[in-house]
>>> print(open('run12.tsv').read())   # TSV, C-alpha atoms and all ligand atoms
chain	number	residue	atom	x	y	z
H	1	MET	CA	0.00	0.00	0.00
H	2	ARG	CA	1.29	3.45	-0.93
H	3	THR	CA	2.18	4.74	2.53
H	4	VAL	CA	3.22	8.26	3.48
H	5	LEU	CA	4.44	9.29	6.91
H	6	PHE	CA	4.02	12.94	7.94
H	7	VAL	CA	6.12	14.15	10.84
H	8	ASP	CA	5.12	17.46	12.39
H	9	ASP	CA	4.96	18.62	15.99
H	10	GLU	CA	1.86	20.76	15.39
H	11	GLN	CA	-1.44	18.96	15.80
H	12	SER	CA	-3.29	21.47	13.60
H	13	ILE	CA	-0.92	20.77	10.71
H	14	ARG	CA	-1.26	17.02	11.06
H	15	ASN	CA	-5.04	17.47	11.10
H	16	SER	CA	-5.21	19.57	7.98
H	17	ILE	CA	-2.99	17.15	6.07
H	18	GLU	CA	-5.22	14.30	7.21
H	19	ARG	CA	-8.30	16.18	5.95
H	20	MET	CA	-6.59	16.92	2.68
H	21	TYR	CA	-6.01	13.19	2.08
H	22	LEU	CA	-9.52	12.09	3.11
H	23	GLU	CA	-10.72	11.62	-0.44
H	24	ARG	CA	-7.56	9.77	-1.51
H	25	ASP	CA	-8.17	6.09	-0.89
H	26	ASP	CA	-5.05	5.15	-2.86
H	27	VAL	CA	-2.73	6.60	-0.22
H	28	ARG	CA	-2.34	5.53	3.39
H	29	CYS	CA	-1.26	8.37	5.69
H	30	LEU	CA	0.58	7.88	8.96
H	31	PHE	CA	1.38	10.69	11.39
H	32	ALA	CA	4.05	11.30	13.99
H	33	ALA	CA	4.38	14.24	16.37
H	34	SER	CA	8.15	13.98	16.77
H	35	GLY	CA	11.23	12.65	15.07
H	36	GLN	CA	11.51	9.83	17.59
H	37	GLU	CA	7.92	8.78	16.99
H	38	GLY	CA	8.60	8.93	13.26
H	39	LEU	CA	11.61	6.62	13.59
H	40	ASP	CA	9.53	4.14	15.58
H	41	ILE	CA	6.96	4.02	12.81
H	42	LEU	CA	9.68	3.58	10.17
H	43	GLN	CA	10.92	0.54	12.08
H	44	ARG	CA	7.65	-1.32	11.79
H	45	GLU	CA	5.93	0.00	8.66
H	46	GLU	CA	6.89	-0.06	5.01
H	47	VAL	CA	6.85	3.67	4.43
H	48	TRP	CA	7.24	4.80	0.81
H	49	VAL	CA	7.55	8.52	1.44
H	50	VAL	CA	8.27	10.53	4.56
H	51	VAL	CA	7.46	14.24	4.82
H	52	SER	CA	9.13	15.96	7.74
H	53	ASP	CA	8.80	19.39	9.24
H	54	TYR	CA	12.10	21.23	9.64
H	55	LEU	CA	11.62	23.08	12.90
H	56	MET	CA	10.55	20.71	15.70
H	57	PRO	CA	11.38	20.62	19.41
H	58	GLY	CA	13.72	17.77	20.29
H	59	MET	CA	14.97	16.11	17.15
H	60	ARG	CA	15.15	18.60	14.26
H	61	GLY	CA	13.91	17.72	10.78
H	62	ILE	CA	17.41	17.36	9.33
H	63	GLU	CA	18.54	15.01	12.05
H	64	PHE	CA	15.35	13.00	11.68
H	65	LEU	CA	15.77	12.70	7.90
H	66	ALA	CA	19.40	11.63	8.30
H	67	LYS	CA	18.34	8.92	10.74
H	68	ALA	CA	15.43	7.92	8.52
H	69	LYS	CA	17.89	7.57	5.66
H	70	ALA	CA	20.11	5.27	7.70
H	71	ALA	CA	17.16	3.18	8.88
H	72	ARG	CA	15.33	2.97	5.55
H	73	PRO	CA	17.45	4.25	2.67
H	74	GLU	CA	14.77	3.39	0.09
H	75	THR	CA	12.10	5.65	1.62
H	76	VAL	CA	11.84	8.92	-0.34
H	77	ARG	CA	12.35	11.90	1.96
H	78	ILE	CA	10.67	15.30	1.64
H	79	MET	CA	11.35	18.30	3.86
H	80	MET	CA	8.70	20.83	4.79
H	81	THR	CA	10.00	24.21	5.70
H	82	ALA	CA	8.97	27.78	6.27
H	83	TYR	CA	10.03	29.99	3.41
H	84	ALA	CA	12.74	31.53	5.58
H	85	ASP	CA	14.48	28.18	5.93
H	86	ILE	CA	14.87	27.51	2.25
H	87	THR	CA	18.67	27.55	2.28
H	88	VAL	CA	18.51	24.83	4.92
H	89	ALA	CA	16.22	22.80	2.70
H	90	ILE	CA	18.51	23.16	-0.29
H	91	ASP	CA	21.43	22.14	1.86
H	92	ALA	CA	19.50	19.04	2.90
H	93	ILE	CA	18.88	18.19	-0.73
H	94	ASN	CA	22.53	18.66	-1.60
H	95	LYS	CA	23.55	16.36	1.23
H	96	SER	CA	20.89	14.00	-0.18
H	97	GLU	CA	19.06	13.95	3.12
H	98	ALA	CA	15.94	15.08	1.23
H	99	TYR	CA	14.66	14.52	-2.28
H	100	ARG	CA	12.49	17.66	-2.44
H	101	PHE	CA	11.16	20.35	-0.20
H	102	VAL	CA	7.74	21.90	0.19
H	103	THR	CA	7.36	25.36	1.64
H	104	LYS	CA	4.98	26.25	4.47
H	105	PRO	CA	2.28	27.42	4.30
H	106	TRP	CA	1.77	24.86	1.60
H	107	ASN	CA	-0.52	24.71	-1.36
H	108	ASN	CA	-2.57	21.49	-1.20
H	109	LYS	CA	-2.27	20.71	-4.88
H	110	GLU	CA	1.46	21.27	-4.87
H	111	LEU	CA	2.08	19.18	-1.77
H	112	MET	CA	0.03	16.30	-3.17
H	113	ALA	CA	1.79	16.49	-6.52
H	114	THR	CA	5.20	16.40	-4.83
H	115	VAL	CA	4.16	13.44	-2.67
H	116	ASP	CA	2.67	11.62	-5.69
H	117	GLU	CA	5.90	12.11	-7.58
H	118	ALA	CA	7.86	10.76	-4.63
H	119	LEU	CA	5.53	7.74	-4.43
H	120	MET	CA	6.13	7.08	-8.10
H	121	ARG	CA	9.87	7.41	-7.61
H	122	TYR	CA	9.74	4.84	-4.81
H	123	GLN	CA	7.72	2.49	-6.97
H	124	LEU	CA	10.07	2.98	-9.92
H	125	ILE	CA	13.17	2.19	-7.88
H	126	GLN	CA	11.52	-0.87	-6.35
H	127	SER	CA	10.36	-2.14	-9.74
H	128	LEU	CA	13.70	-1.61	-11.45
H	129	GLY	CA	15.37	-3.50	-8.65
H	130	ALA	CA	13.10	-6.45	-9.36
H	131	GLU	CA	15.08	-7.55	-12.43
H	132	ASP	CA	11.89	-8.44	-14.26
H	133	GLU	CA	11.55	-6.98	-17.72
H	134	THR	CA	7.75	-7.07	-17.85
H	135	ILE	CA	7.88	-4.75	-14.84
H	136	TYR	CA	10.36	-2.43	-16.62
H	137	LEU	CA	8.02	-2.04	-19.56
H	138	SER	CA	4.94	-1.44	-17.46
H	139	MET	CA	6.82	1.17	-15.40
H	140	ALA	CA	7.99	2.90	-18.56
H	141	GLN	CA	4.41	2.94	-19.84
H	142	ASN	CA	3.30	4.29	-16.52
H	143	VAL	CA	5.70	7.22	-16.91
H	144	GLU	CA	4.48	7.71	-20.47
H	145	LEU	CA	0.93	8.25	-19.20
H	146	LYS	CA	2.06	11.62	-17.84
H	147	ASP	CA	2.69	12.75	-21.37
H	148	HIS	CA	-0.20	11.33	-23.40
H	149	TYR	CA	1.23	12.31	-26.77
H	150	THR	CA	4.16	9.98	-26.42
H	151	LYS	CA	2.07	6.84	-26.03
H	152	GLY	CA	4.00	3.87	-27.36
H	153	HIS	CA	7.14	5.98	-27.80
H	154	CYS	CA	9.42	3.97	-25.50
H	155	ASN	CA	8.44	0.68	-27.07
H	156	ARG	CA	8.98	1.99	-30.61
H	157	VAL	CA	12.35	3.46	-29.61
H	158	ALA	CA	13.29	0.02	-28.26
H	159	GLY	CA	12.31	-1.58	-31.58
H	160	TYR	CA	14.53	0.77	-33.60
H	161	SER	CA	17.41	0.60	-31.09
H	162	VAL	CA	17.47	-3.17	-30.92
H	163	ALA	CA	17.49	-3.45	-34.72
H	164	LEU	CA	20.31	-0.91	-34.92
H	165	ALA	CA	22.32	-2.65	-32.18
H	166	GLN	CA	21.94	-5.92	-34.09
H	167	ALA	CA	23.19	-4.24	-37.26
H	168	VAL	CA	26.22	-2.99	-35.32
H	169	GLY	CA	26.84	-6.58	-34.20
H	170	LEU	CA	26.63	-6.12	-30.43
H	171	ASP	CA	26.15	-9.26	-28.35
H	172	ASP	CA	22.80	-10.48	-27.02
H	173	GLN	CA	23.27	-9.36	-23.42
H	174	TYR	CA	24.27	-5.88	-24.59
H	175	ILE	CA	21.25	-5.73	-26.88
H	176	ASN	CA	18.96	-6.83	-24.08
H	177	ASP	CA	20.27	-4.01	-21.87
H	178	ILE	CA	19.76	-1.60	-24.76
H	179	LYS	CA	16.14	-2.70	-24.99
H	180	HIS	CA	15.62	-2.00	-21.29
H	181	GLY	CA	17.43	1.32	-21.50
H	182	SER	CA	15.28	2.34	-24.47
H	183	TRP	CA	12.11	1.59	-22.59
H	184	LEU	CA	13.34	3.59	-19.62
H	185	HIS	CA	15.21	6.41	-21.37
H	186	ASP	CA	12.69	9.04	-20.28
H	187	CYS	CA	11.87	7.61	-16.84
H	188	GLY	CA	13.26	10.83	-15.33
H	189	ASN	CA	10.09	12.48	-16.61
H	190	ILE	CA	8.39	11.32	-13.41
H	191	SER	CA	10.03	14.39	-11.86
H	192	VAL	CA	9.02	16.82	-14.62
H	193	PRO	CA	5.70	18.62	-14.00
H	194	GLU	CA	2.97	17.42	-16.33
H	195	GLU	CA	2.22	20.95	-17.61
H	196	LEU	CA	5.76	21.18	-18.97
H	197	LEU	CA	5.65	17.77	-20.65
H	198	ASN	CA	2.37	18.59	-22.34
H	199	SER	CA	3.11	22.22	-23.12
H	200	PRO	CA	2.06	23.11	-26.65
H	201	GLY	CA	3.98	26.41	-26.67
H	202	ASN	CA	7.49	27.61	-26.08
H	203	LEU	CA	8.97	26.93	-22.68
H	204	SER	CA	10.74	29.64	-20.68
H	205	ASN	CA	14.43	29.16	-19.92
H	206	ASP	CA	13.66	27.97	-16.40
H	207	GLU	CA	11.11	25.50	-17.67
H	208	LEU	CA	13.50	24.22	-20.30
H	209	GLU	CA	16.13	23.75	-17.63
H	210	THR	CA	13.68	21.66	-15.60
H	211	VAL	CA	12.80	19.48	-18.59
H	212	GLN	CA	16.49	19.00	-19.33
H	213	GLN	CA	17.07	17.54	-15.88
H	214	HIS	CA	15.23	14.35	-16.83
H	215	PRO	CA	18.34	12.41	-17.91
H	216	LEU	CA	20.03	13.17	-14.57
H	217	TRP	CA	16.95	12.40	-12.50
H	218	GLY	CA	16.28	9.18	-14.38
H	219	SER	CA	19.86	7.93	-14.22
H	220	GLU	CA	19.92	8.57	-10.49
H	221	VAL	CA	16.86	6.36	-10.06
H	222	ALA	CA	18.40	3.64	-12.25
H	223	ARG	CA	21.63	3.83	-10.31
H	224	GLN	CA	19.80	3.51	-7.04
H	225	ALA	CA	18.04	0.44	-8.44
H	226	ARG	CA	21.49	-0.93	-9.42
H	227	MET	CA	20.66	-1.31	-13.07
H	228	PRO	CA	23.45	-2.25	-15.52
H	229	ASP	CA	25.74	0.55	-16.76
H	230	THR	CA	24.38	0.21	-20.29
H	231	VAL	CA	20.91	1.12	-19.06
H	232	ILE	CA	22.21	4.00	-16.95
H	233	ASN	CA	24.26	5.34	-19.87
H	234	ILE	CA	21.21	5.40	-22.13
H	235	ILE	CA	19.10	7.26	-19.59
H	236	LEU	CA	21.88	9.71	-18.80
H	237	TYR	CA	23.27	10.37	-22.30
H	238	HIS	CA	20.38	10.01	-24.76
H	239	HIS	CA	20.30	13.80	-25.28
H	240	GLU	CA	24.03	14.19	-25.92
H	241	ARG	CA	24.98	15.32	-29.43
H	242	PHE	CA	27.83	14.14	-31.61
H	243	ASP	CA	29.16	17.73	-31.81
H	244	GLY	CA	29.24	18.03	-28.02
H	245	LYS	CA	26.37	20.52	-27.78
H	246	GLY	CA	23.90	18.20	-26.12
H	247	TYR	CA	22.99	17.81	-22.46
H	248	PRO	CA	23.55	17.12	-19.60
H	249	SER	CA	27.31	16.49	-19.97
H	250	GLY	CA	28.24	17.90	-23.38
H	251	LEU	CA	30.09	14.72	-24.35
H	252	ALA	CA	31.17	14.58	-28.01
H	253	GLY	CA	31.80	11.94	-30.66
H	254	GLU	CA	32.72	8.48	-29.53
H	255	SER	CA	33.10	9.52	-25.92
H	256	ILE	CA	29.30	9.19	-25.88
H	257	PRO	CA	28.71	5.49	-25.13
H	258	ILE	CA	27.51	3.69	-28.26
H	259	GLU	CA	24.29	2.57	-26.56
H	260	ALA	CA	23.36	6.23	-26.05
H	261	ARG	CA	24.33	7.14	-29.65
H	262	ILE	CA	22.03	4.37	-30.84
H	263	VAL	CA	19.07	5.40	-28.70
H	264	ALA	CA	19.54	9.10	-29.59
H	265	ILE	CA	18.91	8.20	-33.25
H	266	ALA	CA	15.90	6.02	-32.47
H	267	ASP	CA	14.47	8.63	-30.10
H	268	VAL	CA	14.67	11.56	-32.51
H	269	PHE	CA	13.40	9.54	-35.44
H	270	ASP	CA	10.35	8.36	-33.52
H	271	ALA	CA	9.73	11.88	-32.22
H	272	LEU	CA	9.68	13.23	-35.78
H	273	TYR	CA	7.62	10.42	-37.17
H	274	SER	CA	4.83	10.62	-34.55
H	275	ASP	CA	2.53	13.36	-33.21
H	276	ARG	CA	3.90	15.66	-30.50
H	277	PRO	CA	2.10	18.09	-28.18
H	278	TYR	CA	3.43	21.01	-30.24
H	279	ARG	CA	3.00	19.65	-33.79
H	280	LYS	CA	1.66	16.84	-35.99
H	281	ALA	CA	3.89	14.02	-37.15
H	282	TYR	CA	6.11	14.54	-40.22
H	283	ASP	CA	5.62	12.07	-43.04
H	284	TYR	CA	8.27	9.42	-43.56
H	285	ASN	CA	10.27	11.19	-46.27
H	286	ARG	CA	10.39	14.48	-44.40
H	287	SER	CA	11.43	12.67	-41.18
H	288	ILE	CA	14.34	11.03	-43.00
H	289	GLU	CA	15.29	14.34	-44.59
H	290	ILE	CA	15.45	16.00	-41.16
H	291	MET	CA	17.54	13.12	-39.82
H	292	HIS	CA	20.00	13.79	-42.66
H	293	GLU	CA	20.08	17.49	-41.88
H	294	MET	CA	20.83	16.71	-38.22
H	295	THR	CA	23.46	14.08	-38.83
H	296	GLU	CA	26.52	16.28	-38.79
H	297	THR	CA	25.60	17.96	-35.51
H	298	HIS	CA	23.66	15.31	-33.64
H	299	PHE	CA	24.41	11.81	-34.75
H	300	ASP	CA	27.13	9.28	-35.41
H	301	GLN	CA	27.37	9.16	-39.21
H	302	LYS	CA	28.29	5.47	-39.22
H	303	LEU	CA	25.25	4.58	-37.17
H	304	ILE	CA	22.94	6.69	-39.34
H	305	GLU	CA	24.05	4.75	-42.41
H	306	LEU	CA	23.08	1.53	-40.65
H	307	PHE	CA	19.83	3.06	-39.41
H	308	LEU	CA	18.34	4.24	-42.73
H	309	PRO	CA	17.67	0.77	-44.16
H	310	ILE	CA	16.19	-0.26	-40.78
H	311	ALA	CA	13.76	2.67	-40.78
H	312	GLU	CA	12.81	1.89	-44.38
H	313	LYS	CA	12.21	-1.75	-43.59
H	314	MET	CA	10.16	-1.04	-40.47
H	315	ARG	CA	8.04	1.39	-42.40
H	316	SER	CA	7.26	-1.12	-45.16
H	317	ASP	CA	6.53	-3.77	-42.54
H	318	GLY	CA	4.07	-1.26	-41.05
A	1	FE	FE	14.55	12.27	-23.19
A	2	FE	FE	12.25	10.03	-25.89
>>> encode(input="run12.tsv", output="structure tokens", more="lines below")
Ligand SMILES: [Fe+2]
Ligand SMILES: [Fe+2]
Amino acid sequence: MRTVLFVDDEQSIRNSIERMYLERDDVRCLFAASGQEGLDILQREEVWVVVSDYLMPGMRGIEFLAKAKAARPETVRIMMTAYADITVAIDAINKSEAYRFVTKPWNNKELMATVDEALMRYQLIQSLGAEDETIYLSMAQNVELKDHYTKGHCNRVAGYSVALAQAVGLDDQYINDIKHGSWLHDCGNISVPEELLNSPGNLSNDELETVQQHPLWGSEVARQARMPDTVINIILYHHERFDGKGYPSGLAGESIPIEARIVAIADVFDALYSDRPYRKAYDYNRSIEIMHEMTETHFDQKLIELFLPIAEKMRSDG
């Protein structure tokens, strides 16, 4: 059961959070009035997400979160703080004591969205740790639901990537990891607000920066779930460009792992060749033309040459 533990010394705050979650029968809420009480609950319950107040008598929020981390490293930790304490909250995030923070007084919708995201993160890490590929695919599809225009995207990307990896001559284990990485390449989108994923217009610089965090966020989750390096590389580097102008690391040429160079091609091609929130799909010929135009800057020329016949074949196979 999706369980959230709220730790706050003020009764009135615990009450209003409880009221706020009344209509949510998909979430079980637990409450603690102190850090110590919170730790006791963590001992005996499987808590997915813990939300802790910062300023409490006795054990402070930071100390509590650090102890919660030691006791249950998999539980996702959120810090609640008054606006004045924001530097403390950021510090807690940097020390990885907390995953996010919510400011007080909070906005109900925002708090719930942050908690939902944390629940999904917990579920994602648990599922990826399960080493079961049917679970990987269903998790990837779950993430896709946030962005309804990309339905089927991760599975199509996997189809193109696997075919390309076969053409390169990689071994079966490698290709299997590439399939999983393709499914999960955008799993970091669980941390991108839905409005940004589905935005039909131009994003501001700040918004763009948020969207561009998804490779980092996703790779962190995959790392925590101890996925193979090939999978992590795909999630982390699928937006790198051959000329070094991609993100998040600005790697260039063959210093980008080949699995990420493969998925980058499959990802862009599928994005062109299917409908997006901001435009309709291009037809096949125009999609290929754009891939050619992008080759020098974005892609590995050798891989593109192997990819073109694959795209052609998949198109005629329907
Ligand atoms: Fe992406
Ligand atoms: Fe993608």
>>> closest_residue(input="run12.tsv", among="H:Asp186, H:Glu259, H:Asp147, H:Asp243", to="ligand FE 2 (chain A)", atoms="all atoms listed in the file")
H:Asp186
>>> residues_near_ligand(input="run12.tsv", ligand="ligand FE 1 (chain A)", cutoff="7 Å", atoms="all atoms listed in the file", output="PyMOL selection string")
chain H and resi 185-186+214-215+238-239
>>> atom_distance(input="run12.tsv", atom1="CA of Tyr237 (chain H)", atom2="CA of Arg261 (chain H)")
8.1 Å
>>> residues_around(input="run12.tsv", residues="Ala70 (chain H)", least_positions_apart="4", cutoff="12 Å", atoms="all atoms listed in the file", output="list in words")
Leu39, Leu42, Gln43, Glu63, Phe64, Leu65, Ala66, Glu74, Thr75, Arg77, Ser96 and Glu97 of chain H
>>> residues_near_point(input="run12.tsv", point="(13.1, 5.7, -11.2)", cutoff="8 Å", atoms="all atoms listed in the file", output="PDB file with C-alpha atoms, keeping the file's coordinate frame")
ATOM      1  CA  MET H 120       6.130   7.080  -8.100  1.00  0.00           C
ATOM      2  CA  ARG H 121       9.870   7.410  -7.610  1.00  0.00           C
ATOM      3  CA  TYR H 122       9.740   4.840  -4.810  1.00  0.00           C
ATOM      4  CA  GLN H 123       7.720   2.490  -6.970  1.00  0.00           C
ATOM      5  CA  LEU H 124      10.070   2.980  -9.920  1.00  0.00           C
ATOM      6  CA  ILE H 125      13.170   2.190  -7.880  1.00  0.00           C
ATOM      7  CA  LEU H 128      13.700  -1.610 -11.450  1.00  0.00           C
ATOM      8  CA  CYS H 187      11.870   7.610 -16.840  1.00  0.00           C
ATOM      9  CA  GLY H 188      13.260  10.830 -15.330  1.00  0.00           C
ATOM     10  CA  ILE H 190       8.390  11.320 -13.410  1.00  0.00           C
ATOM     11  CA  TRP H 217      16.950  12.400 -12.500  1.00  0.00           C
ATOM     12  CA  GLY H 218      16.280   9.180 -14.380  1.00  0.00           C
ATOM     13  CA  SER H 219      19.860   7.930 -14.220  1.00  0.00           C
ATOM     14  CA  GLU H 220      19.920   8.570 -10.490  1.00  0.00           C
ATOM     15  CA  VAL H 221      16.860   6.360 -10.060  1.00  0.00           C
ATOM     16  CA  ALA H 222      18.400   3.640 -12.250  1.00  0.00           C
ATOM     17  CA  ALA H 225      18.040   0.440  -8.440  1.00  0.00           C
TER      18      ALA H 225
END
>>> atom_distance(input="run12.tsv", atom1="CA of Lys146 (chain H)", atom2="CA of Lys104 (chain H)")
26.8 Å
>>> residues_near_ligand(input="run12.tsv", ligand="ligand FE 2 (chain A)", cutoff="12 Å", atoms="only C-alpha atoms and all ligand atoms", output="PyMOL selection string")
chain H and resi 140+143-144+147+149-158+161+181-189+197+211-212+214-215+234-239+260+263-272+274+276
>>> write_last_selection(input="run12.tsv", atoms="C-alpha atoms", output="PDB file, in the frame of the given file")
ATOM      1  CA  ALA H 140       7.990   2.900 -18.560  1.00  0.00           C
ATOM      2  CA  VAL H 143       5.700   7.220 -16.910  1.00  0.00           C
ATOM      3  CA  GLU H 144       4.480   7.710 -20.470  1.00  0.00           C
ATOM      4  CA  ASP H 147       2.690  12.750 -21.370  1.00  0.00           C
ATOM      5  CA  TYR H 149       1.230  12.310 -26.770  1.00  0.00           C
ATOM      6  CA  THR H 150       4.160   9.980 -26.420  1.00  0.00           C
ATOM      7  CA  LYS H 151       2.070   6.840 -26.030  1.00  0.00           C
ATOM      8  CA  GLY H 152       4.000   3.870 -27.360  1.00  0.00           C
ATOM      9  CA  HIS H 153       7.140   5.980 -27.800  1.00  0.00           C
ATOM     10  CA  CYS H 154       9.420   3.970 -25.500  1.00  0.00           C
ATOM     11  CA  ASN H 155       8.440   0.680 -27.070  1.00  0.00           C
ATOM     12  CA  ARG H 156       8.980   1.990 -30.610  1.00  0.00           C
ATOM     13  CA  VAL H 157      12.350   3.460 -29.610  1.00  0.00           C
ATOM     14  CA  ALA H 158      13.290   0.020 -28.260  1.00  0.00           C
ATOM     15  CA  SER H 161      17.410   0.600 -31.090  1.00  0.00           C
ATOM     16  CA  GLY H 181      17.430   1.320 -21.500  1.00  0.00           C
ATOM     17  CA  SER H 182      15.280   2.340 -24.470  1.00  0.00           C
ATOM     18  CA  TRP H 183      12.110   1.590 -22.590  1.00  0.00           C
ATOM     19  CA  LEU H 184      13.340   3.590 -19.620  1.00  0.00           C
ATOM     20  CA  HIS H 185      15.210   6.410 -21.370  1.00  0.00           C
ATOM     21  CA  ASP H 186      12.690   9.040 -20.280  1.00  0.00           C
ATOM     22  CA  CYS H 187      11.870   7.610 -16.840  1.00  0.00           C
ATOM     23  CA  GLY H 188      13.260  10.830 -15.330  1.00  0.00           C
ATOM     24  CA  ASN H 189      10.090  12.480 -16.610  1.00  0.00           C
ATOM     25  CA  LEU H 197       5.650  17.770 -20.650  1.00  0.00           C
ATOM     26  CA  VAL H 211      12.800  19.480 -18.590  1.00  0.00           C
ATOM     27  CA  GLN H 212      16.490  19.000 -19.330  1.00  0.00           C
ATOM     28  CA  HIS H 214      15.230  14.350 -16.830  1.00  0.00           C
ATOM     29  CA  PRO H 215      18.340  12.410 -17.910  1.00  0.00           C
ATOM     30  CA  ILE H 234      21.210   5.400 -22.130  1.00  0.00           C
ATOM     31  CA  ILE H 235      19.100   7.260 -19.590  1.00  0.00           C
ATOM     32  CA  LEU H 236      21.880   9.710 -18.800  1.00  0.00           C
ATOM     33  CA  TYR H 237      23.270  10.370 -22.300  1.00  0.00           C
ATOM     34  CA  HIS H 238      20.380  10.010 -24.760  1.00  0.00           C
ATOM     35  CA  HIS H 239      20.300  13.800 -25.280  1.00  0.00           C
ATOM     36  CA  ALA H 260      23.360   6.230 -26.050  1.00  0.00           C
ATOM     37  CA  VAL H 263      19.070   5.400 -28.700  1.00  0.00           C
ATOM     38  CA  ALA H 264      19.540   9.100 -29.590  1.00  0.00           C
ATOM     39  CA  ILE H 265      18.910   8.200 -33.250  1.00  0.00           C
ATOM     40  CA  ALA H 266      15.900   6.020 -32.470  1.00  0.00           C
ATOM     41  CA  ASP H 267      14.470   8.630 -30.100  1.00  0.00           C
ATOM     42  CA  VAL H 268      14.670  11.560 -32.510  1.00  0.00           C
ATOM     43  CA  PHE H 269      13.400   9.540 -35.440  1.00  0.00           C
ATOM     44  CA  ASP H 270      10.350   8.360 -33.520  1.00  0.00           C
ATOM     45  CA  ALA H 271       9.730  11.880 -32.220  1.00  0.00           C
ATOM     46  CA  LEU H 272       9.680  13.230 -35.780  1.00  0.00           C
ATOM     47  CA  SER H 274       4.830  10.620 -34.550  1.00  0.00           C
ATOM     48  CA  ARG H 276       3.900  15.660 -30.500  1.00  0.00           C
TER      49      ARG H 276
END
>>> atom_distance(input="run12.tsv", atom1="CA of Glu312 (chain H)", atom2="CA of Asp275 (chain H)")
19.0 Å
>>> closest_residue(input="run12.tsv", among="H:Asp53, H:Glu18, H:Glu23, H:Glu240", to="Gly35 (chain H)", atoms="only C-alpha atoms")
H:Asp53
>>> closest_residue(input="run12.tsv", among="H:Phe299, H:Tyr99, H:Tyr282, H:Tyr174", to="Gly246 (chain H)", atoms="all atoms listed in the file")
H:Phe299
>>> closest_residue(input="run12.tsv", among="H:Glu296, H:Glu45, H:Glu195, H:Glu37", to="Asp9 (chain H)", atoms="only C-alpha atoms")
H:Glu37
>>> residues_around(input="run12.tsv", residues="Arg315 (chain H)", least_positions_apart="5", cutoff="10 Å", atoms="all atoms listed in the file", output="PyMOL selection string")
chain H and resi 284+309-310
>>> decode(input="run12.tsv", residues="region 68-79 of chain H", atoms="C-alpha atoms", output="PDB file, in the first residue's frame")
ATOM      1  CA  ALA H  68      15.427   7.918   8.517  1.00  0.00           C
ATOM      2  CA  LYS H  69      17.888   7.567   5.660  1.00  0.00           C
ATOM      3  CA  ALA H  70      20.106   5.272   7.701  1.00  0.00           C
ATOM      4  CA  ALA H  71      17.160   3.180   8.877  1.00  0.00           C
ATOM      5  CA  ARG H  72      15.330   2.966   5.550  1.00  0.00           C
ATOM      6  CA  PRO H  73      17.447   4.253   2.671  1.00  0.00           C
ATOM      7  CA  GLU H  74      14.771   3.385   0.092  1.00  0.00           C
ATOM      8  CA  THR H  75      12.099   5.648   1.617  1.00  0.00           C
ATOM      9  CA  VAL H  76      11.840   8.916  -0.337  1.00  0.00           C
ATOM     10  CA  ARG H  77      12.346  11.904   1.957  1.00  0.00           C
ATOM     11  CA  ILE H  78      10.666  15.301   1.642  1.00  0.00           C
ATOM     12  CA  MET H  79      11.351  18.296   3.858  1.00  0.00           C
TER      13      MET H  79
END
